[in-house]
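Novice: What follows is my_file17.pdb, made up of PDB, C-alpha atoms:
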ATOM      1  CA  GLN A  30      92.676 106.367  97.491  1.00  0.00           C
ATOM      2  CA  VAL A  31      95.530 105.791  99.925  1.00  0.00           C
ATOM      3  CA  GLN A  32      98.386 108.202 100.529  1.00  0.00           C
ATOM      4  CA  LEU A  33     101.721 107.032 101.938  1.00  0.00           C
ATOM      5  CA  VAL A  34     104.355 109.238 103.552  1.00  0.00           C
ATOM      6  CA  GLU A  35     107.730 107.768 104.428  1.00  0.00           C
ATOM      7  CA  SER A  36     110.371 109.027 106.813  1.00  0.00           C
ATOM      8  CA  GLY A  37     113.573 107.886 108.441  1.00  0.00           C
ATOM      9  CA  GLY A  38     116.082 107.357 105.666  1.00  0.00           C
ATOM     10  CA  GLY A  39     119.601 108.715 105.795  1.00  0.00           C
ATOM     11  CA  LEU A  40     123.298 107.942 105.968  1.00  0.00           C
ATOM     12  CA  VAL A  41     124.716 105.436 108.426  1.00  0.00           C
ATOM     13  CA  GLN A  42     127.942 103.520 108.848  1.00  0.00           C
ATOM     14  CA  ALA A  43     128.106  99.790 108.317  1.00  0.00           C
ATOM     15  CA  GLY A  44     126.921  97.973 111.417  1.00  0.00           C
ATOM     16  CA  GLY A  45     124.602 100.788 112.366  1.00  0.00           C
ATOM     17  CA  SER A  46     120.825 100.985 112.527  1.00  0.00           C
ATOM     18  CA  LEU A  47     118.026 102.976 110.953  1.00  0.00           C
ATOM     19  CA  ARG A  48     114.274 102.939 111.388  1.00  0.00           C
ATOM     20  CA  LEU A  49     111.955 103.684 108.499  1.00  0.00           C
ATOM     21  CA  SER A  50     108.358 104.700 109.052  1.00  0.00           C
ATOM     22  CA  CYS A  51     105.416 104.962 106.699  1.00  0.00           C
ATOM     23  CA  ALA A  52     102.122 106.601 107.555  1.00  0.00           C
ATOM     24  CA  ALA A  53      99.033 105.790 105.531  1.00  0.00           C
ATOM     25  CA  SER A  54      96.009 108.025 105.160  1.00  0.00           C
ATOM     26  CA  GLY A  55      92.838 108.044 103.126  1.00  0.00           C
ATOM     27  CA  SER A  56      90.988 104.764 102.589  1.00  0.00           C
ATOM     28  CA  VAL A  57      93.130 102.891 105.105  1.00  0.00           C
ATOM     29  CA  PHE A  58      90.341 100.423 105.917  1.00  0.00           C
ATOM     30  CA  THR A  59      91.017  98.816 102.529  1.00  0.00           C
ATOM     31  CA  ILE A  60      94.675  98.004 103.304  1.00  0.00           C
ATOM     32  CA  ILE A  61      95.594  94.333 103.534  1.00  0.00           C
ATOM     33  CA  PHE A  62      99.358  94.004 103.254  1.00  0.00           C
ATOM     34  CA  MET A  63     101.927  96.655 104.151  1.00  0.00           C
ATOM     35  CA  SER A  64     105.407  96.185 102.754  1.00  0.00           C
ATOM     36  CA  TRP A  65     108.808  97.694 102.213  1.00  0.00           C
ATOM     37  CA  TYR A  66     110.582  97.356  98.893  1.00  0.00           C
ATOM     38  CA  ARG A  67     113.971  98.646  97.860  1.00  0.00           C
ATOM     39  CA  GLN A  68     115.603  99.514  94.597  1.00  0.00           C
ATOM     40  CA  HIS A  69     119.335  99.446  93.995  1.00  0.00           C
ATOM     41  CA  PRO A  70     120.674 101.668  91.211  1.00  0.00           C
ATOM     42  CA  GLY A  71     120.013 100.120  87.830  1.00  0.00           C
ATOM     43  CA  LYS A  72     118.035  97.207  89.279  1.00  0.00           C
ATOM     44  CA  GLN A  73     114.398  96.284  89.731  1.00  0.00           C
ATOM     45  CA  ARG A  74     112.526  96.949  92.896  1.00  0.00           C
ATOM     46  CA  GLU A  75     112.636  93.998  95.302  1.00  0.00           C
ATOM     47  CA  LEU A  76     110.544  93.021  98.292  1.00  0.00           C
ATOM     48  CA  VAL A  77     112.302  93.507 101.620  1.00  0.00           C
ATOM     49  CA  ALA A  78     109.557  92.660 104.093  1.00  0.00           C
ATOM     50  CA  ARG A  79     105.777  92.324 104.239  1.00  0.00           C
ATOM     51  CA  ILE A  80     103.279  92.230 107.066  1.00  0.00           C
ATOM     52  CA  ASN A  81      99.653  91.178 106.979  1.00  0.00           C
ATOM     53  CA  ARG A  82      96.795  92.608 109.016  1.00  0.00           C
ATOM     54  CA  ASP A  83      97.134  89.708 111.440  1.00  0.00           C
ATOM     55  CA  GLY A  84     100.814  90.442 111.995  1.00  0.00           C
ATOM     56  CA  SER A  85     102.227  87.573 109.978  1.00  0.00           C
ATOM     57  CA  THR A  86     105.429  88.534 108.204  1.00  0.00           C
ATOM     58  CA  ASN A  87     107.828  87.455 105.533  1.00  0.00           C
ATOM     59  CA  TYR A  88     111.298  88.724 104.695  1.00  0.00           C
ATOM     60  CA  ALA A  89     113.807  88.604 101.900  1.00  0.00           C
ATOM     61  CA  ASP A  90     116.558  86.128 102.721  1.00  0.00           C
ATOM     62  CA  SER A  91     119.139  88.897 102.557  1.00  0.00           C
ATOM     63  CA  VAL A  92     117.618  90.759 105.517  1.00  0.00           C
ATOM     64  CA  LYS A  93     116.376  87.945 107.746  1.00  0.00           C
ATOM     65  CA  GLY A  94     117.676  88.324 111.269  1.00  0.00           C
ATOM     66  CA  ARG A  95     118.671  91.945 110.686  1.00  0.00           C
ATOM     67  CA  PHE A  96     115.440  93.747 109.731  1.00  0.00           C
ATOM     68  CA  THR A  97     112.117  93.735 111.545  1.00  0.00           C
ATOM     69  CA  ILE A  98     108.841  94.953 110.103  1.00  0.00           C
ATOM     70  CA  SER A  99     106.038  96.045 112.405  1.00  0.00           C
ATOM     71  CA  ARG A 100     102.606  97.499 111.952  1.00  0.00           C
ATOM     72  CA  ASP A 101     100.230  99.580 114.034  1.00  0.00           C
ATOM     73  CA  ASN A 102      96.755  99.111 112.625  1.00  0.00           C
ATOM     74  CA  ALA A 103      95.306 101.772 114.928  1.00  0.00           C
ATOM     75  CA  LYS A 104      97.750 104.398 113.666  1.00  0.00           C
ATOM     76  CA  ASN A 105      97.938 103.031 110.104  1.00  0.00           C
ATOM     77  CA  THR A 106     101.709 102.941 110.174  1.00  0.00           C
ATOM     78  CA  VAL A 107     104.321 100.418 109.175  1.00  0.00           C
ATOM     79  CA  ASN A 108     107.899 100.523 110.371  1.00  0.00           C
ATOM     80  CA  LEU A 109     111.093  98.831 109.299  1.00  0.00           C
ATOM     81  CA  GLN A 110     113.795  98.508 111.928  1.00  0.00           C
ATOM     82  CA  MET A 111     117.084  97.885 110.174  1.00  0.00           C
ATOM     83  CA  ASN A 112     120.024  96.655 112.234  1.00  0.00           C
ATOM     84  CA  SER A 113     123.513  95.504 111.313  1.00  0.00           C
ATOM     85  CA  LEU A 114     123.304  97.484 108.112  1.00  0.00           C
ATOM     86  CA  GLU A 115     125.666  96.608 105.282  1.00  0.00           C
ATOM     87  CA  PRO A 116     126.809  98.629 102.271  1.00  0.00           C
ATOM     88  CA  GLY A 117     124.694  96.290 100.130  1.00  0.00           C
ATOM     89  CA  ASP A 118     121.594  97.654 101.869  1.00  0.00           C
ATOM     90  CA  THR A 119     122.156 101.010 100.197  1.00  0.00           C
ATOM     91  CA  ALA A 120     119.069 101.675  98.101  1.00  0.00           C
ATOM     92  CA  VAL A 121     115.925 103.717  97.821  1.00  0.00           C
ATOM     93  CA  TYR A 122     113.308 102.175 100.107  1.00  0.00           C
ATOM     94  CA  TYR A 123     109.633 102.342  99.203  1.00  0.00           C
ATOM     95  CA  CYS A 124     106.573 101.795 101.307  1.00  0.00           C
ATOM     96  CA  HIS A 125     103.895  99.748  99.531  1.00  0.00           C
ATOM     97  CA  VAL A 126     100.384  98.651 100.428  1.00  0.00           C
ATOM     98  CA  ASN A 127      97.933  96.224  98.862  1.00  0.00           C
ATOM     99  CA  THR A 128      94.276  97.097  99.112  1.00  0.00           C
ATOM    100  CA  MET A 129      90.973  95.274  98.763  1.00  0.00           C
ATOM    101  CA  THR A 130      89.714  97.721  96.160  1.00  0.00           C
ATOM    102  CA  GLY A 131      91.189  99.116  92.972  1.00  0.00           C
ATOM    103  CA  PRO A 132      93.829 100.063  92.034  1.00  0.00           C
ATOM    104  CA  TYR A 133      94.857  97.375  94.581  1.00  0.00           C
ATOM    105  CA  PHE A 134      98.282  98.814  95.407  1.00  0.00           C
ATOM    106  CA  TYR A 135      99.960 102.127  96.240  1.00  0.00           C
ATOM    107  CA  TRP A 136     103.575 103.264  96.524  1.00  0.00           C
ATOM    108  CA  GLY A 137     105.222 105.842  98.718  1.00  0.00           C
ATOM    109  CA  GLN A 138     107.620 108.392  97.294  1.00  0.00           C
ATOM    110  CA  GLY A 139     110.736 106.550  98.444  1.00  0.00           C
ATOM    111  CA  THR A 140     113.443 107.354 100.956  1.00  0.00           C
ATOM    112  CA  GLN A 141     117.191 106.990 100.431  1.00  0.00           C
ATOM    113  CA  VAL A 142     119.216 104.747 102.718  1.00  0.00           C
ATOM    114  CA  THR A 143     122.983 104.931 102.346  1.00  0.00           C
ATOM    115  CA  VAL A 144     125.330 102.657 104.285  1.00  0.00           C
ATOM    116  CA  SER A 145     128.991 103.601 104.217  1.00  0.00           C
ATOM    117  CA  SER A 146     131.769 101.067 104.694  1.00  0.00           C
TER     118      SER A 146
END
Starting from the coordinates I provided, produce the structure as structure tokens.

Specialist:
Amino acid sequence: QVQLVESGGGLVQAGGSLRLSCAASGSVFTIIFMSWYRQHPGKQRELVARINRDGSTNYADSVKGRFTISRDNAKNTVNLQMNSLEPGDTAVYYCHVNTMTGPYFYWGQGTQVTVSS
């Protein structure tokens, strides 16, 4: 089992920055990918950014150049630095990990990010 605890959401004006953090505990040695997803009201969850154990990353087109995902394997944390925030970034952000053993993925509880215009 893996437990995920997120922090760092909040309210910010357009153009501002926020940093989300997610701390993993439990069977962390099974974690492969660490990711951030977001869910806009009434829409499906979408991938924002993902980072592999080796540090390779991929991003949604909508956040490229503005968001940066990073990972500390020693501390079992994943962070999402969000700059130049836009009202369209308003959503609930979820930490997500993929693991080598079942159930193969876990979700955090979610943290609200609100960007005012």

Novice: Extract, using all atoms listed in the file, all DNA, RNA and protein residues at most 6 Å from A:Gly38, discarding same-chain residues fewer than 5 positions from it, and format them as a short mmCIF file (atom, residue, chain, number, x, y, z; two decimals) with C-alpha atoms, in the frame of the given file.

Specialist:
data_model
loop_
_atom_site.label_atom_id
_atom_site.label_comp_id
_atom_site.auth_asym_id
_atom_site.auth_seq_id
_atom_site.Cartn_x
_atom_site.Cartn_y
_atom_site.Cartn_z
CA THR A 140 113.44 107.35 100.96
CA GLN A 141 117.19 106.99 100.43
CA VAL A 142 119.22 104.75 102.72
#

Novice: Can you work out the spacing between atom CA of A:Gln73 and atom CA of A:Tyr133 in Å, to one decimal?

Specialist: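 Interatomic distance, atom CA of A:Gln73 to atom CA of A:Tyr133: 20.2 Å.
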
Novice: Choose the residue, out of A:Leu114, A:Ala103, A:Ala89, A:Val121, that has the smallest atom-to-atom separation from A:Ala52; count only C-alpha atoms.

Specialist: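 Among A:Leu114, A:Ala103, A:Ala89, A:Val121, it is A:Ala103 that comes nearest to A:Ala52.
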
Novice: Just to confirm, what's the straight-line distance from atom CA of A:Asp83 to atom CA of A:Thr106 in Å (one decimal)?

Specialist: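 Pair atom CA of A:Asp83 / atom CA of A:Thr106 returns 14.1 Å.
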
Novice: Which residue gives the smallest distance to A:Leu47 among A:Gln110, A:Gln138, A:Tyr123, A:Val144, with only C-alpha atoms counted?

Specialist: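 Closest to A:Leu47 of all the choices is A:Gln110.
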
Novice: Return as a list in words the set of residues that the PyMOL selection byres ((chain A and resi 109) around 6) yields on the displayed structure.

Specialist: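 On this input, the PyMOL selection byres ((chain A and resi 109) around 6) captures Arg48, Leu49, Thr97, Ile98, Asn108 and Gln110 of chain A.
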
Novice: So which one's closest to A:His125, A:Asn81, A:Ser64, A:Thr59, A:Ser91? Using all atoms listed in the file, please.

Specialist: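 Using all atoms listed in the file, the shortest distance to A:His125 belongs to A:Ser64.
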
Novice: If you apply the PyMOL selection byres ((chain A and resi 86) around 12) to this file, what residues do you get, as a PyMOL selection string?

Specialist: chain A and resi 62-65+77-85+87-89+93+96-100+107+109
